[in-house]
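Trainee: Got a structure for you, coords.txt, holding compact mmCIF, C-alpha atoms.
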# COMPACT_ATOMS: atom_id res chain seq x y z
CA MET X 453 360.12 10.45 46.55
CA THR X 454 359.07 6.82 47.00
CA TYR X 455 361.13 4.09 45.36
CA ILE X 456 359.21 0.98 44.42
CA LEU X 457 361.59 -1.96 44.42
CA ALA X 458 360.45 -4.76 42.12
CA ILE X 459 361.35 -7.84 44.16
CA SER X 460 360.81 -11.29 42.66
CA GLY X 461 362.60 -13.14 45.45
CA GLY X 462 365.42 -14.21 43.14
CA VAL X 463 369.07 -13.55 43.95
CA ASP X 464 369.18 -10.38 41.81
CA SER X 465 366.28 -8.63 43.50
CA VAL X 466 367.23 -9.79 47.00
CA THR X 467 370.71 -8.35 46.45
CA LEU X 468 369.14 -5.09 45.26
CA LEU X 469 367.00 -4.84 48.39
CA ASP X 470 369.95 -5.63 50.67
CA MET X 471 372.24 -3.08 49.03
CA VAL X 472 369.62 -0.33 48.98
CA THR X 473 368.53 -0.75 52.61
CA LYS X 474 372.15 -0.91 53.80
CA GLY X 475 373.08 2.27 51.98
CA LYS X 476 375.38 0.50 49.52
CA LEU X 477 373.48 1.92 46.55
CA SER X 478 372.57 5.56 46.18
CA LEU X 479 370.76 7.49 43.48
CA GLN X 480 372.03 10.95 42.59
CA ASP X 481 374.07 11.02 45.82
CA GLN X 482 370.95 10.25 47.85
CA VAL X 483 371.02 7.36 50.30
CA LEU X 484 367.50 5.98 50.56
CA GLN X 485 365.77 5.68 53.91
CA ARG X 486 363.53 2.73 54.71
CA GLU X 487 360.46 4.95 54.72
CA ASP X 488 361.26 5.87 51.10
CA ILE X 489 361.16 2.22 50.01
CA LEU X 490 358.19 0.09 49.00
CA VAL X 491 358.77 -3.55 48.10
CA ALA X 492 356.49 -4.69 45.27
CA HIS X 493 356.01 -8.27 44.12
CA PHE X 494 353.79 -9.48 41.30
CA ASP X 495 352.55 -13.07 41.44
CA HIS X 496 351.93 -13.96 37.79
CA GLY X 497 350.25 -17.25 38.62
CA ILE X 498 352.30 -19.04 35.96
CA ARG X 499 353.59 -21.71 38.34
CA ASP X 500 351.41 -23.67 40.76
CA ASN X 501 353.68 -22.75 43.68
CA SER X 502 354.16 -19.07 42.77
CA ALA X 503 352.29 -18.03 45.93
CA ASN X 504 355.29 -19.34 47.89
CA ASP X 505 357.48 -16.69 46.28
CA ALA X 506 355.01 -13.99 47.29
CA GLU X 507 355.07 -15.22 50.86
CA PHE X 508 358.86 -15.26 50.81
CA VAL X 509 358.96 -11.62 49.65
CA LYS X 510 356.49 -10.60 52.38
CA LYS X 511 358.77 -12.06 55.04
CA LEU X 512 361.78 -10.50 53.37
CA ALA X 513 360.19 -7.04 53.53
CA THR X 514 359.37 -7.59 57.20
CA ASN X 515 362.97 -8.56 57.95
CA TYR X 516 364.24 -5.40 56.24
CA GLN X 517 361.55 -3.29 57.94
CA VAL X 518 360.07 -1.89 54.73
CA ASP X 519 356.49 -1.80 53.47
CA CYS X 520 355.35 -4.39 50.95
CA VAL X 521 352.54 -4.78 48.42
CA ILE X 522 351.70 -7.93 46.47
CA GLY X 523 349.90 -8.06 43.12
CA HIS X 524 348.18 -11.18 41.83
CA ASP X 525 347.13 -12.66 38.51
CA ARG X 526 346.51 -16.12 37.11
CA LEU X 527 348.17 -16.12 33.71
CA GLY X 528 348.61 -19.90 33.59
CA LYS X 529 351.59 -22.02 32.62
CA ASN X 530 351.25 -21.21 28.89
CA ALA X 531 351.59 -17.45 29.37
CA SER X 532 354.26 -15.82 27.22
CA GLU X 533 357.23 -13.94 28.61
CA GLN X 534 355.96 -10.76 26.91
CA LEU X 535 352.54 -11.00 28.58
CA ALA X 536 354.06 -11.64 31.98
CA ARG X 537 356.34 -8.62 31.62
CA ALA X 538 353.50 -6.36 30.45
CA LYS X 539 351.32 -7.37 33.41
CA ARG X 540 354.19 -6.87 35.86
CA TYR X 541 355.01 -3.36 34.65
CA LYS X 542 351.36 -2.39 34.56
CA PHE X 543 351.11 -3.41 38.23
CA LEU X 544 354.27 -1.46 39.13
CA ARG X 545 353.23 1.67 37.26
CA ASN X 546 349.76 1.59 38.79
CA LEU X 547 351.43 1.85 42.19
CA CYS X 548 353.00 5.12 41.04
CA ARG X 549 349.74 6.81 40.17
CA THR X 550 349.10 8.00 43.70
CA GLY X 551 352.25 10.11 44.12
CA SER X 552 355.82 10.96 43.21
CA CYS X 553 357.79 7.77 42.80
CA LYS X 554 360.22 5.77 40.71
CA ILE X 555 360.44 2.07 40.01
CA MET X 556 363.69 0.27 40.72
CA THR X 557 364.49 -3.12 39.19
CA ALA X 558 367.37 -5.55 39.63
CA HIS X 559 368.38 -5.81 35.97
CA HIS X 560 372.11 -6.46 35.70
CA GLN X 561 374.77 -6.52 33.01
CA ASP X 562 373.91 -10.04 31.83
CA ASP X 563 370.26 -9.01 31.44
CA LEU X 564 371.39 -6.09 29.29
CA LEU X 565 373.49 -8.33 27.05
CA GLU X 566 370.67 -10.85 26.72
CA THR X 567 368.18 -8.16 25.73
CA ILE X 568 370.50 -6.64 23.13
CA ILE X 569 371.15 -10.03 21.53
CA MET X 570 367.45 -10.91 21.55
CA ASN X 571 366.69 -7.61 19.83
CA LEU X 572 369.41 -8.18 17.23
CA ILE X 573 368.04 -11.65 16.47
CA ARG X 574 364.54 -10.21 16.10
CA GLY X 575 365.88 -7.53 13.77
CA THR X 576 364.78 -4.53 15.80
CA GLY X 577 365.99 -1.02 14.90
CA TRP X 578 368.32 1.36 16.72
CA ARG X 579 366.30 1.15 19.94
CA GLY X 580 367.19 -2.54 20.17
CA LEU X 581 370.83 -1.67 20.86
CA ALA X 582 369.87 0.74 23.65
CA PRO X 583 367.21 -1.12 25.66
CA PHE X 584 366.08 -0.54 29.24
CA TRP X 585 365.04 3.00 28.38
CA SER X 586 362.40 4.49 30.62
CA SER X 587 362.23 7.75 32.53
CA ASP X 588 360.39 6.19 35.47
CA ILE X 589 362.64 3.16 36.04
CA GLU X 590 366.05 3.02 37.74
CA ARG X 591 368.36 0.03 37.20
CA PRO X 592 371.30 0.53 39.59
CA LEU X 593 372.78 -2.97 39.12
CA LEU X 594 373.51 -2.65 35.38
CA ASP X 595 377.25 -2.44 36.05
CA MET X 596 377.24 -5.73 37.96
CA THR X 597 377.42 -9.16 36.36
CA LYS X 598 375.27 -12.06 37.47
CA ALA X 599 378.35 -13.73 38.96
CA GLU X 600 379.15 -10.63 41.02
CA ILE X 601 375.58 -10.51 42.31
CA VAL X 602 375.62 -14.16 43.33
CA ASN X 603 378.98 -13.69 45.05
CA TYR X 604 377.60 -10.71 46.96
CA ALA X 605 374.58 -12.72 48.07
CA ILE X 606 376.74 -15.60 49.28
CA GLU X 607 379.23 -13.37 51.09
CA ASN X 608 376.36 -11.58 52.88
CA ASN X 609 374.47 -14.78 53.75
CA LEU X 610 371.36 -13.79 51.82
CA ASP X 611 368.48 -16.18 51.17
CA TRP X 612 366.63 -16.27 47.87
CA VAL X 613 364.31 -18.44 45.83
CA GLU X 614 364.91 -19.99 42.43
CA ASP X 615 362.34 -19.67 39.65
CA VAL X 616 362.44 -22.94 37.73
CA THR X 617 361.10 -21.22 34.60
CA ASN X 618 364.51 -19.50 34.34
CA TYR X 619 365.92 -22.84 33.19
CA SER X 620 363.20 -23.81 30.73
CA ALA X 621 364.21 -23.93 27.05
CA LYS X 622 360.62 -22.90 26.28
CA TYR X 623 361.56 -19.26 26.79
CA PHE X 624 363.63 -17.42 24.18
CA ARG X 625 365.55 -15.47 26.83
CA ASN X 626 366.75 -18.66 28.48
CA ARG X 627 368.13 -19.95 25.19
CA VAL X 628 369.92 -16.66 24.65
CA ARG X 629 371.24 -16.85 28.23
CA ASP X 630 372.98 -20.12 27.38
CA PHE X 631 374.60 -18.37 24.42
CA ILE X 632 375.82 -15.49 26.62
CA VAL X 633 377.70 -17.96 28.82
CA ARG X 634 379.76 -19.04 25.81
CA MET X 635 380.67 -15.48 24.76
CA SER X 636 384.23 -14.33 25.37
CA ALA X 637 384.99 -11.41 27.67
CA GLU X 638 386.09 -9.37 24.64
CA GLN X 639 382.83 -10.06 22.78
CA LYS X 640 380.85 -8.91 25.80
CA ARG X 641 383.03 -5.81 26.14
CA GLN X 642 382.48 -4.85 22.50
CA LEU X 643 378.72 -5.32 22.81
CA LEU X 644 378.59 -3.18 25.95
CA LYS X 645 380.70 -0.51 24.24
CA LEU X 646 378.22 -0.47 21.36
CA ASN X 647 375.38 -0.16 23.85
CA GLN X 648 377.02 2.84 25.53
CA LYS X 649 377.49 4.59 22.21
CA GLN X 650 373.93 3.87 21.11
CA THR X 651 372.49 4.92 24.47
CA LYS X 652 374.13 8.34 24.19
CA LEU X 653 372.66 8.70 20.71
CA ARG X 654 369.27 7.55 21.97
CA ILE X 655 369.27 10.26 24.63
CA GLU X 656 369.64 12.89 21.91
CA ILE X 657 367.02 11.24 19.71
CA GLU X 658 364.48 10.96 22.53
CA LYS X 659 364.98 14.63 23.38
CA LEU X 660 364.37 15.51 19.75
CA LEU X 661 361.30 13.27 19.57
CA GLU X 662 359.89 14.78 22.75
CA CYS X 663 360.21 18.22 21.17
CA CYS X 664 358.69 17.03 17.91
CA ARG X 665 355.68 15.45 19.64
CA THR X 666 354.52 18.98 20.36
CA GLY X 667 353.99 19.29 16.59
CA SER X 668 357.08 21.25 15.64
CA CYS X 669 360.83 20.61 15.40
CA LYS X 670 363.87 21.84 13.49
CA LYS X 671 364.78 20.56 10.06
CA SER X 672 368.47 21.09 10.84
CA ASP X 673 368.20 18.80 13.91
CA VAL X 674 366.70 15.98 11.86
CA LEU X 675 369.14 16.35 8.96
CA SER X 676 372.13 16.42 11.32
CA LEU X 677 371.46 12.74 12.14
CA PRO X 678 372.59 9.72 10.08
CA ASP X 679 369.91 8.87 7.52
CA ASN X 680 368.80 5.65 9.22
CA ILE X 681 368.42 7.45 12.55
CA ALA X 682 366.67 10.42 10.91
CA VAL X 683 364.16 7.99 9.41
CA GLU X 684 363.44 6.59 12.88
CA CYS X 685 362.99 10.13 14.20
CA LEU X 686 360.51 10.87 11.44
CA ARG X 687 358.74 7.63 12.29
CA GLY X 688 358.27 8.80 15.87
CA MET X 689 357.29 12.32 14.81
CA THR X 690 354.56 10.95 12.55
CA ASN X 691 353.27 8.52 15.20
CA GLU X 692 354.36 5.52 13.09
CA LYS X 693 351.69 6.23 10.48
CA LEU X 694 354.10 6.02 7.53
CA THR X 695 355.84 3.05 5.99
CA THR X 696 359.64 2.90 5.86
CA LEU X 697 359.51 3.66 2.13
CA GLN X 698 357.34 6.74 2.76
CA LEU X 699 359.69 7.89 5.53
CA LYS X 700 362.76 7.59 3.31
CA ARG X 701 361.00 9.56 0.58
CA LEU X 702 360.01 12.21 3.13
CA LEU X 703 363.61 12.53 4.29
CA ARG X 704 364.80 13.03 0.71
CA ASN X 705 362.17 15.71 0.20
CA LEU X 706 363.16 17.51 3.41
CA LYS X 707 366.77 17.66 2.28
CA LYS X 708 365.69 19.58 -0.84
CA ALA X 709 362.87 21.54 0.78
CA LYS X 710 362.75 25.31 1.19
CA SER X 711 360.68 27.48 3.47
CA GLY X 712 356.99 27.39 2.57
CA ASP X 713 356.98 23.87 1.11
CA ILE X 714 354.19 21.49 2.11
CA PHE X 715 354.27 17.68 1.86
CA GLN X 716 351.58 15.04 2.08
CA PRO X 717 353.65 11.85 2.57
CA GLY X 718 350.66 9.61 3.33
CA GLY X 719 348.92 8.38 6.45
CA GLN X 720 346.56 11.39 6.42
CA ILE X 721 349.51 13.56 7.48
CA GLN X 722 350.55 16.99 6.22
CA ILE X 723 354.03 18.36 6.81
CA GLY X 724 354.99 21.98 6.38
CA LEU X 725 358.33 23.77 6.46
CA TYR X 726 358.70 27.39 7.54
CA ARG X 727 362.27 28.56 7.75
CA ASP X 728 363.87 25.79 9.84
CA GLN X 729 360.69 24.60 11.55
CA ILE X 730 358.93 21.37 10.56
CA THR X 731 355.26 21.26 11.49
CA ILE X 732 353.18 18.09 11.39
CA SER X 733 349.40 18.01 11.33
CA GLU X 734 346.64 15.56 10.47
CA MET X 735 344.62 16.14 7.32
As a first step, turn the structure in this file into C-alpha cells.

Mentor:
Amino acid sequence: MTYILAISGGVDSVTLLDMVTKGKLSLQDQVLQREDILVAHFDHGIRDNSANDAEFVKKLATNYQVDCVIGHDRLGKNASEQLARAKRYKFLRNLCRTGSCKIMTAHHQDDLLETIIMNLIRGTGWRGLAPFWSSDIERPLLDMTKAEIVNYAIENNLDWVEDVTNYSAKYFRNRVRDFIVRMSAEQKRQLLKLNQKQTKLRIEIEKLLECCRTGSCKKSDVLSLPDNIAVECLRGMTNEKLTTLQLKRLLRNLKKAKSGDIFQPGGQIQIGLYRDQITISEM
C-alpha cells in the first residue's frame, strides 16, 4: 500500500510528514516505511511565487528521503477556493490510478470545525455536520488542534512556508477561521460532540446507500431512520432525481405500502415493493 501525503509546505503538512516518517503516526497499527510514502504537492498557480512552495516541498522530500511528485496548474489569482480544491484532489486521485494507495492529508481539528460551520452557514443537510468523508483519504491529525501542531513544529525545529492567501478576507474559510478563534472551549466541544454523533449516523447511512445503489434495499432499514435522514437516503437511492417534496411524499407512501405496490414518484423513476425489498428502476 502506498500512502500519498498531500504536502503544501505549510506547518500542518510538514508536521504530518515529520510524524509519519518518524513513526509517530500509524494507521491500523501499521508504522509506515519510507518506501510506502509518496509526497505530492499541487502548485495551483494562484500566487506569482507559488513555484517557491513547490521547490520547498521537493527539498523537504529529499531531506526525509521519500519520493516526491509535483503537479502544476495556472488557475490565476481570481480562482475560487472550490476550484482549487477540486483541481488538487483530482491530481491526488489521479496518482492513485496506477495501484493500491490511499491519500493522506493534514486536516486538523480546527479545519473540521471550520468546515462544519461553513456548511451550517450554507444550509447544507446532514452531510454538512459530518464532513471529511471519503474512503480513499486518511486524516490522522483530526484530533490535534492548530495550536498543538504549531507547538510540535516549533519543538522539533521544523521549517515551513506561509501561504499569504490564508490571511485574505477574500476567502470564506478565512472569515470563518476568525470566528473560530472567538469560540469558547465549550462551544467547540459541543460542536465536535455533534460531529461524532453525526459521523456514526453517516457511516450507517452510507452503508445503506451503498447497498441501495445496487437497485434494491430494505424498506425496514429506510423506515428505521428519522424522517429527515430517510428522505436523504431516498435522495441518494434515486440519484437525486426527485425534489424534496417528491421525496417526502414517497416516504409517506412507503410507510403505508404493502408488498406488490408500485410507485412512480417522478423523475422517470419507478419504485416497487416486494415483501421488504424496495427496487428502483428507470422508466

Trainee: Nearest to Asp615 (chain X) among X:Asp728, X:Asp505, X:Asp588, X:Asp470, with distances taken over all atoms listed in the file: which residue is it?

Mentor: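 The answer is X:Asp505, which sits nearest to Asp615 (chain X).
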
Trainee: So how far away is CA of Ile589 (chain X) from CA of Asp673 (chain X), in Å?

Mentor: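 Result for CA of Asp673 (chain X) versus CA of Ile589 (chain X): 27.7 Å, one decimal.
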
Trainee: Closest to Trp612 (chain X) among X:Leu512, X:Asp495, X:Ala538, X:Asp500, using all atoms listed in the file?

Mentor: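 Residue with the minimum atom-to-atom distance to Trp612 (chain X): X:Leu512.
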
Trainee: Rounded to one decimal place, report the CA of Tyr541 (chain X)-CA of Val633 (chain X) distance in Å.

Mentor: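 If I compute the distance from CA of Tyr541 (chain X) to CA of Val633 (chain X), I get 27.6 Å.
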
Trainee: Could you please determine the separation between CA of Thr696 (chain X) and CA of Leu675 (chain X) in Å, to one decimal place?

Mentor: 16.8 Å

Trainee: Which residues are near Phe715 (chain X)? Cut-off 8 Å, only C-alpha atoms, ignore same chain within fewer than 5 positions. Put them as a list in words.

Mentor: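 The filter keeps Gln722, Ile723 and Gly724 of chain X.
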
Trainee: I'd like the contact shell of Gln698 (chain X) - 8 Å cut-off, all atoms listed in the file, skipping same-chain residues fewer than 3 positions apart - returned as a list in words.

Mentor: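 Residues meeting the cut-off are Leu694, Thr695, Arg701, Leu702, Pro717 and Gly718 of chain X.
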
Trainee: Looking at X:His496, X:Leu484, X:Ala531, X:Val628, which one is nearest to Asn571 (chain X), with distances taken over all atoms listed in the file?

Mentor: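 Looking only at the distances to Asn571 (chain X), the closest residue turns out to be X:Val628.
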
Trainee: Extract, using all atoms listed in the file, all DNA, RNA and protein residues at most 9 Å from Tyr455 (chain X), discarding same-chain residues fewer than 6 positions from it, and format them as number ranges by chain.

Mentor: X: 484, 488-491, 552-556

Trainee: Mind listing as a list in words all residues within 10 Å of (375.9, -13.6, 29.7), counting all atoms listed in the file?

Mentor: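 All residues meeting the 10 Å criterion around (375.9, -13.6, 29.7) are Gln561, Asp562, Asp563, Leu564, Leu565, Glu566, Thr597, Lys598, Ala599, Val628, Arg629, Asp630, Phe631, Ile632, Val633, Arg634, Met635, Ser636, Ala637 and Lys640 of chain X.
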
Trainee: For Gln729 (chain X), which residue among X:Glu692, X:Gln716, X:Val683, X:Val674 is the nearest when counting all atoms listed in the file?

Mentor: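 Checking each candidate against Gln729 (chain X), we get X:Val674 as the closest.
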